Amino acid sequence: MSVVRFLGPYDDRVAAELAEGYVVGTCAEDCVIGQGASLTGVFRRVGEQRWTDGDGHAITVNVEDFDLDEAGLRNWATGVE
């Protein structure tokens with residue numbers, strides 16, 4: 001099993017880095033997980049997910065897209081289509 005790394009928050013935008021690419025979305029509540037944390041609960045599908053870090057902190061994320069490469073992540077983060 002590979003480590004899933006948390007990126008963010010940037011305003012309310014967050015991402016998780018999977019081996020297959022980035023999963024991106026927005027926090028549905030206050031983001032209590034810090035940059036670089038290892039995550040569980042990240043899935044390659046759109047919709048609401050509950051991500052948890054190693055310390056037991058959890059956030060609800062509305063996943064908008066998945067399997068993005070670095071350019072796709074950059075475009076998503078800056079709002080470029």
# chains A, B, ... in the order shown; residues from 1 in each chain; ligands from 1
call {"tool": "residues_around", "arguments": {"residues": "segment 66-73 of chain A", "least_positions_apart": "6", "cutoff": "9 Å", "atoms": "only C-alpha atoms", "output": "list in words"}}
result
Ala15, Leu18, Ala19, Glu20, Gly21, Tyr22, Val23, Val24, Gly25, Phe43, Arg44, Arg45, Val46 and Glu81 of chain A
call {"tool": "residues_around", "arguments": {"residues": "Leu7 of chain A", "least_positions_apart": "2", "cutoff": "10 Å", "atoms": "only C-alpha atoms", "output": "list of chain:residue names"}}
result
A:Val4, A:Arg5, A:Pro9, A:Tyr10, A:Arg13, A:Val14, A:Ala15, A:Ala16, A:Glu17, A:Tyr22, A:Val23, A:Val24, A:Ile33, A:Gly34, A:Gln35, A:Gly36, A:Ala37, A:Ser38
call {"tool": "atom_distance", "arguments": {"atom1": "atom CA of Leu39 of chain A", "atom2": "atom CA of Thr52 of chain A"}}
result
5.5 Å
call {"tool": "residues_around", "arguments": {"residues": "Thr60 of chain A", "least_positions_apart": "3", "cutoff": "9 Å", "atoms": "only C-alpha atoms", "output": "list in words"}}
result
Thr26, Cys27, Ala28, Glu29, Asp30, Cys31, Glu48, Gln49, Arg50, Trp51 and Thr52 of chain A
call {"tool": "select_by_dssp", "arguments": {"residues": "segment 7-79 of chain A", "states": "helix (DSSP H, G or I)", "output": "VMD selection string"}}
result
chain A and resid 70 to 78
call {"tool": "atom_distance", "arguments": {"atom1": "atom CA of Asn62 of chain A", "atom2": "atom CA of Arg74 of chain A"}}
result
18.2 Å
call {"tool": "select_by_dssp", "arguments": {"residues": "chain A", "states": "strand (DSSP E or B)", "output": "PDB file with N, CA, C and O atoms, in the first residue's frame"}}
result
ATOM      1  N   VAL A   4      -0.559   8.038   0.825  1.00  0.00           N
ATOM      2  CA  VAL A   4      -1.333   9.102   0.182  1.00  0.00           C
ATOM      3  C   VAL A   4      -0.993  10.379   0.926  1.00  0.00           C
ATOM      4  O   VAL A   4      -1.176  10.475   2.137  1.00  0.00           O
ATOM      5  N   ARG A   5      -0.473  11.372   0.197  1.00  0.00           N
ATOM      6  CA  ARG A   5      -0.007  12.613   0.819  1.00  0.00           C
ATOM      7  C   ARG A   5      -1.027  13.722   0.604  1.00  0.00           C
ATOM      8  O   ARG A   5      -1.566  13.895  -0.487  1.00  0.00           O
ATOM      9  N   PHE A   6      -1.286  14.499   1.661  1.00  0.00           N
ATOM     10  CA  PHE A   6      -2.230  15.606   1.634  1.00  0.00           C
ATOM     11  C   PHE A   6      -1.539  16.877   1.166  1.00  0.00           C
ATOM     12  O   PHE A   6      -0.437  17.201   1.619  1.00  0.00           O
ATOM     13  N   LEU A   7      -2.188  17.612   0.279  1.00  0.00           N
ATOM     14  CA  LEU A   7      -1.700  18.905  -0.200  1.00  0.00           C
ATOM     15  C   LEU A   7      -2.769  19.950   0.097  1.00  0.00           C
ATOM     16  O   LEU A   7      -3.913  19.811  -0.307  1.00  0.00           O
ATOM     17  N   GLY A   8      -2.382  20.997   0.785  1.00  0.00           N
ATOM     18  CA  GLY A   8      -3.331  22.061   1.089  1.00  0.00           C
ATOM     19  C   GLY A   8      -3.383  22.317   2.579  1.00  0.00           C
ATOM     20  O   GLY A   8      -2.536  21.846   3.316  1.00  0.00           O
ATOM     21  N   PRO A   9      -4.357  23.009   3.026  1.00  0.00           N
ATOM     22  CA  PRO A   9      -5.411  23.631   2.220  1.00  0.00           C
ATOM     23  C   PRO A   9      -4.949  24.937   1.584  1.00  0.00           C
ATOM     24  O   PRO A   9      -4.079  25.620   2.119  1.00  0.00           O
ATOM     25  N   TYR A  10      -5.510  25.243   0.461  1.00  0.00           N
ATOM     26  CA  TYR A  10      -5.302  26.508  -0.241  1.00  0.00           C
ATOM     27  C   TYR A  10      -6.691  27.121  -0.349  1.00  0.00           C
ATOM     28  O   TYR A  10      -7.481  26.684  -1.190  1.00  0.00           O
ATOM     29  N   ARG A  13      -9.516  24.700  -1.010  1.00  0.00           N
ATOM     30  CA  ARG A  13      -9.125  23.654  -1.960  1.00  0.00           C
ATOM     31  C   ARG A  13      -8.083  22.730  -1.352  1.00  0.00           C
ATOM     32  O   ARG A  13      -7.164  23.178  -0.677  1.00  0.00           O
ATOM     33  N   VAL A  14      -8.252  21.436  -1.615  1.00  0.00           N
ATOM     34  CA  VAL A  14      -7.313  20.432  -1.109  1.00  0.00           C
ATOM     35  C   VAL A  14      -7.061  19.396  -2.195  1.00  0.00           C
ATOM     36  O   VAL A  14      -7.831  19.265  -3.150  1.00  0.00           O
ATOM     37  N   ALA A  15      -5.973  18.655  -2.021  1.00  0.00           N
ATOM     38  CA  ALA A  15      -5.646  17.579  -2.957  1.00  0.00           C
ATOM     39  C   ALA A  15      -4.959  16.452  -2.202  1.00  0.00           C
ATOM     40  O   ALA A  15      -4.402  16.655  -1.120  1.00  0.00           O
ATOM     41  N   ALA A  16      -5.027  15.271  -2.787  1.00  0.00           N
ATOM     42  CA  ALA A  16      -4.308  14.117  -2.264  1.00  0.00           C
ATOM     43  C   ALA A  16      -3.516  13.525  -3.418  1.00  0.00           C
ATOM     44  O   ALA A  16      -4.013  13.427  -4.537  1.00  0.00           O
ATOM     45  N   GLU A  17      -2.280  13.152  -3.127  1.00  0.00           N
ATOM     46  CA  GLU A  17      -1.402  12.600  -4.156  1.00  0.00           C
ATOM     47  C   GLU A  17      -1.405  11.077  -4.073  1.00  0.00           C
ATOM     48  O   GLU A  17      -0.927  10.499  -3.097  1.00  0.00           O
ATOM     49  N   LEU A  18      -1.970  10.453  -5.088  1.00  0.00           N
ATOM     50  CA  LEU A  18      -1.967   8.996  -5.222  1.00  0.00           C
ATOM     51  C   LEU A  18      -0.963   8.593  -6.289  1.00  0.00           C
ATOM     52  O   LEU A  18      -0.540   9.433  -7.098  1.00  0.00           O
ATOM     53  N   GLY A  21      -2.293   9.549  -9.698  1.00  0.00           N
ATOM     54  CA  GLY A  21      -2.473  10.973  -9.976  1.00  0.00           C
ATOM     55  C   GLY A  21      -3.077  11.661  -8.764  1.00  0.00           C
ATOM     56  O   GLY A  21      -3.179  11.088  -7.687  1.00  0.00           O
ATOM     57  N   TYR A  22      -3.478  12.911  -8.948  1.00  0.00           N
ATOM     58  CA  TYR A  22      -4.007  13.707  -7.852  1.00  0.00           C
ATOM     59  C   TYR A  22      -5.527  13.628  -7.802  1.00  0.00           C
ATOM     60  O   TYR A  22      -6.191  13.649  -8.835  1.00  0.00           O
ATOM     61  N   VAL A  23      -6.059  13.568  -6.579  1.00  0.00           N
ATOM     62  CA  VAL A  23      -7.492  13.665  -6.313  1.00  0.00           C
ATOM     63  C   VAL A  23      -7.697  15.063  -5.747  1.00  0.00           C
ATOM     64  O   VAL A  23      -7.005  15.448  -4.802  1.00  0.00           O
ATOM     65  N   VAL A  24      -8.630  15.840  -6.316  1.00  0.00           N
ATOM     66  CA  VAL A  24      -8.791  17.242  -5.910  1.00  0.00           C
ATOM     67  C   VAL A  24     -10.230  17.539  -5.529  1.00  0.00           C
ATOM     68  O   VAL A  24     -11.174  16.949  -6.056  1.00  0.00           O
ATOM     69  N   GLY A  25     -10.382  18.490  -4.611  1.00  0.00           N
ATOM     70  CA  GLY A  25     -11.717  18.890  -4.195  1.00  0.00           C
ATOM     71  C   GLY A  25     -11.670  20.060  -3.236  1.00  0.00           C
ATOM     72  O   GLY A  25     -10.651  20.737  -3.101  1.00  0.00           O
ATOM     73  N   THR A  26     -12.793  20.277  -2.560  1.00  0.00           N
ATOM     74  CA  THR A  26     -12.911  21.371  -1.605  1.00  0.00           C
ATOM     75  C   THR A  26     -13.355  20.816  -0.254  1.00  0.00           C
ATOM     76  O   THR A  26     -14.103  19.845  -0.185  1.00  0.00           O
ATOM     77  N   CYS A  27     -12.882  21.467   0.810  1.00  0.00           N
ATOM     78  CA  CYS A  27     -13.284  21.093   2.159  1.00  0.00           C
ATOM     79  C   CYS A  27     -14.723  21.539   2.386  1.00  0.00           C
ATOM     80  O   CYS A  27     -15.081  22.675   2.073  1.00  0.00           O
ATOM     81  N   SER A  38      -0.089  12.096   5.981  1.00  0.00           N
ATOM     82  CA  SER A  38      -0.485  10.837   5.336  1.00  0.00           C
ATOM     83  C   SER A  38      -1.973  10.635   5.566  1.00  0.00           C
ATOM     84  O   SER A  38      -2.467  10.844   6.674  1.00  0.00           O
ATOM     85  N   LEU A  39      -2.680  10.210   4.516  1.00  0.00           N
ATOM     86  CA  LEU A  39      -4.136  10.102   4.580  1.00  0.00           C
ATOM     87  C   LEU A  39      -4.647   8.689   4.347  1.00  0.00           C
ATOM     88  O   LEU A  39      -4.005   7.896   3.660  1.00  0.00           O
ATOM     89  N   THR A  40      -5.833   8.429   4.873  1.00  0.00           N
ATOM     90  CA  THR A  40      -6.616   7.263   4.514  1.00  0.00           C
ATOM     91  C   THR A  40      -7.999   7.767   4.103  1.00  0.00           C
ATOM     92  O   THR A  40      -8.374   8.895   4.415  1.00  0.00           O
ATOM     93  N   GLY A  47     -17.327  12.938  -5.630  1.00  0.00           N
ATOM     94  CA  GLY A  47     -18.357  12.929  -4.591  1.00  0.00           C
ATOM     95  C   GLY A  47     -17.765  13.202  -3.219  1.00  0.00           C
ATOM     96  O   GLY A  47     -16.585  13.524  -3.077  1.00  0.00           O
ATOM     97  N   GLU A  48     -18.590  13.079  -2.211  1.00  0.00           N
ATOM     98  CA  GLU A  48     -18.168  13.357  -0.844  1.00  0.00           C
ATOM     99  C   GLU A  48     -17.352  12.201  -0.277  1.00  0.00           C
ATOM    100  O   GLU A  48     -17.743  11.035  -0.412  1.00  0.00           O
ATOM    101  N   GLN A  49     -16.216  12.554   0.344  1.00  0.00           N
ATOM    102  CA  GLN A  49     -15.341  11.571   0.975  1.00  0.00           C
ATOM    103  C   GLN A  49     -14.910  12.092   2.337  1.00  0.00           C
ATOM    104  O   GLN A  49     -14.876  13.292   2.566  1.00  0.00           O
ATOM    105  N   ARG A  50     -14.552  11.189   3.218  1.00  0.00           N
ATOM    106  CA  ARG A  50     -14.038  11.538   4.541  1.00  0.00           C
ATOM    107  C   ARG A  50     -12.580  11.104   4.594  1.00  0.00           C
ATOM    108  O   ARG A  50     -12.285   9.906   4.567  1.00  0.00           O
ATOM    109  N   TRP A  51     -11.679  12.088   4.603  1.00  0.00           N
ATOM    110  CA  TRP A  51     -10.247  11.811   4.651  1.00  0.00           C
ATOM    111  C   TRP A  51      -9.771  11.933   6.098  1.00  0.00           C
ATOM    112  O   TRP A  51     -10.137  12.867   6.811  1.00  0.00           O
ATOM    113  N   THR A  52      -8.903  11.016   6.522  1.00  0.00           N
ATOM    114  CA  THR A  52      -8.397  10.992   7.891  1.00  0.00           C
ATOM    115  C   THR A  52      -6.880  10.907   7.868  1.00  0.00           C
ATOM    116  O   THR A  52      -6.302  10.176   7.067  1.00  0.00           O
ATOM    117  N   ASP A  53      -6.231  11.672   8.783  1.00  0.00           N
ATOM    118  CA  ASP A  53      -4.767  11.599   8.873  1.00  0.00           C
ATOM    119  C   ASP A  53      -4.362  10.624   9.971  1.00  0.00           C
ATOM    120  O   ASP A  53      -5.209  10.037  10.654  1.00  0.00           O
ATOM    121  N   ALA A  58     -10.059  14.341  10.891  1.00  0.00           N
ATOM    122  CA  ALA A  58     -10.817  13.988   9.695  1.00  0.00           C
ATOM    123  C   ALA A  58     -11.441  15.238   9.075  1.00  0.00           C
ATOM    124  O   ALA A  58     -11.798  16.180   9.786  1.00  0.00           O
ATOM    125  N   ILE A  59     -11.545  15.214   7.754  1.00  0.00           N
ATOM    126  CA  ILE A  59     -12.219  16.281   7.018  1.00  0.00           C
ATOM    127  C   ILE A  59     -13.149  15.655   5.985  1.00  0.00           C
ATOM    128  O   ILE A  59     -12.905  14.550   5.506  1.00  0.00           O
ATOM    129  N   THR A  60     -14.202  16.375   5.673  1.00  0.00           N
ATOM    130  CA  THR A  60     -15.092  15.969   4.598  1.00  0.00           C
ATOM    131  C   THR A  60     -14.699  16.754   3.362  1.00  0.00           C
ATOM    132  O   THR A  60     -14.603  17.984   3.405  1.00  0.00           O
ATOM    133  N   VAL A  61     -14.443  16.033   2.273  1.00  0.00           N
ATOM    134  CA  VAL A  61     -13.993  16.651   1.023  1.00  0.00           C
ATOM    135  C   VAL A  61     -15.007  16.344  -0.073  1.00  0.00           C
ATOM    136  O   VAL A  61     -15.431  15.200  -0.228  1.00  0.00           O
ATOM    137  N   ASN A  62     -15.395  17.368  -0.806  1.00  0.00           N
ATOM    138  CA  ASN A  62     -16.222  17.205  -1.996  1.00  0.00           C
ATOM    139  C   ASN A  62     -15.272  17.058  -3.177  1.00  0.00           C
ATOM    140  O   ASN A  62     -14.750  18.053  -3.684  1.00  0.00           O
ATOM    141  N   VAL A  63     -15.000  15.824  -3.586  1.00  0.00           N
ATOM    142  CA  VAL A  63     -14.042  15.556  -4.653  1.00  0.00           C
ATOM    143  C   VAL A  63     -14.648  15.952  -5.997  1.00  0.00           C
ATOM    144  O   VAL A  63     -15.753  15.538  -6.344  1.00  0.00           O
ATOM    145  N   GLU A  64     -13.901  16.779  -6.734  1.00  0.00           N
ATOM    146  CA  GLU A  64     -14.346  17.295  -8.026  1.00  0.00           C
ATOM    147  C   GLU A  64     -13.738  16.559  -9.211  1.00  0.00           C
ATOM    148  O   GLU A  64     -14.328  16.497 -10.283  1.00  0.00           O
ATOM    149  N   ASP A  65     -12.519  16.032  -9.024  1.00  0.00           N
ATOM    150  CA  ASP A  65     -11.826  15.364 -10.125  1.00  0.00           C
ATOM    151  C   ASP A  65     -10.755  14.456  -9.546  1.00  0.00           C
ATOM    152  O   ASP A  65     -10.367  14.595  -8.383  1.00  0.00           O
ATOM    153  N   PHE A  66     -10.254  13.534 -10.367  1.00  0.00           N
ATOM    154  CA  PHE A  66      -9.210  12.619  -9.912  1.00  0.00           C
ATOM    155  C   PHE A  66      -8.357  12.198 -11.105  1.00  0.00           C
ATOM    156  O   PHE A  66      -8.698  12.481 -12.257  1.00  0.00           O
ATOM    157  N   ASP A  67      -7.227  11.565 -10.797  1.00  0.00           N
ATOM    158  CA  ASP A  67      -6.244  11.126 -11.785  1.00  0.00           C
ATOM    159  C   ASP A  67      -5.624  12.290 -12.563  1.00  0.00           C
ATOM    160  O   ASP A  67      -5.229  12.139 -13.727  1.00  0.00           O
ATOM    161  N   LEU A  68      -5.526  13.465 -11.929  1.00  0.00           N
ATOM    162  CA  LEU A  68      -4.872  14.598 -12.574  1.00  0.00           C
ATOM    163  C   LEU A  68      -3.356  14.434 -12.509  1.00  0.00           C
ATOM    164  O   LEU A  68      -2.821  13.939 -11.515  1.00  0.00           O
TER     165      LEU A  68
END
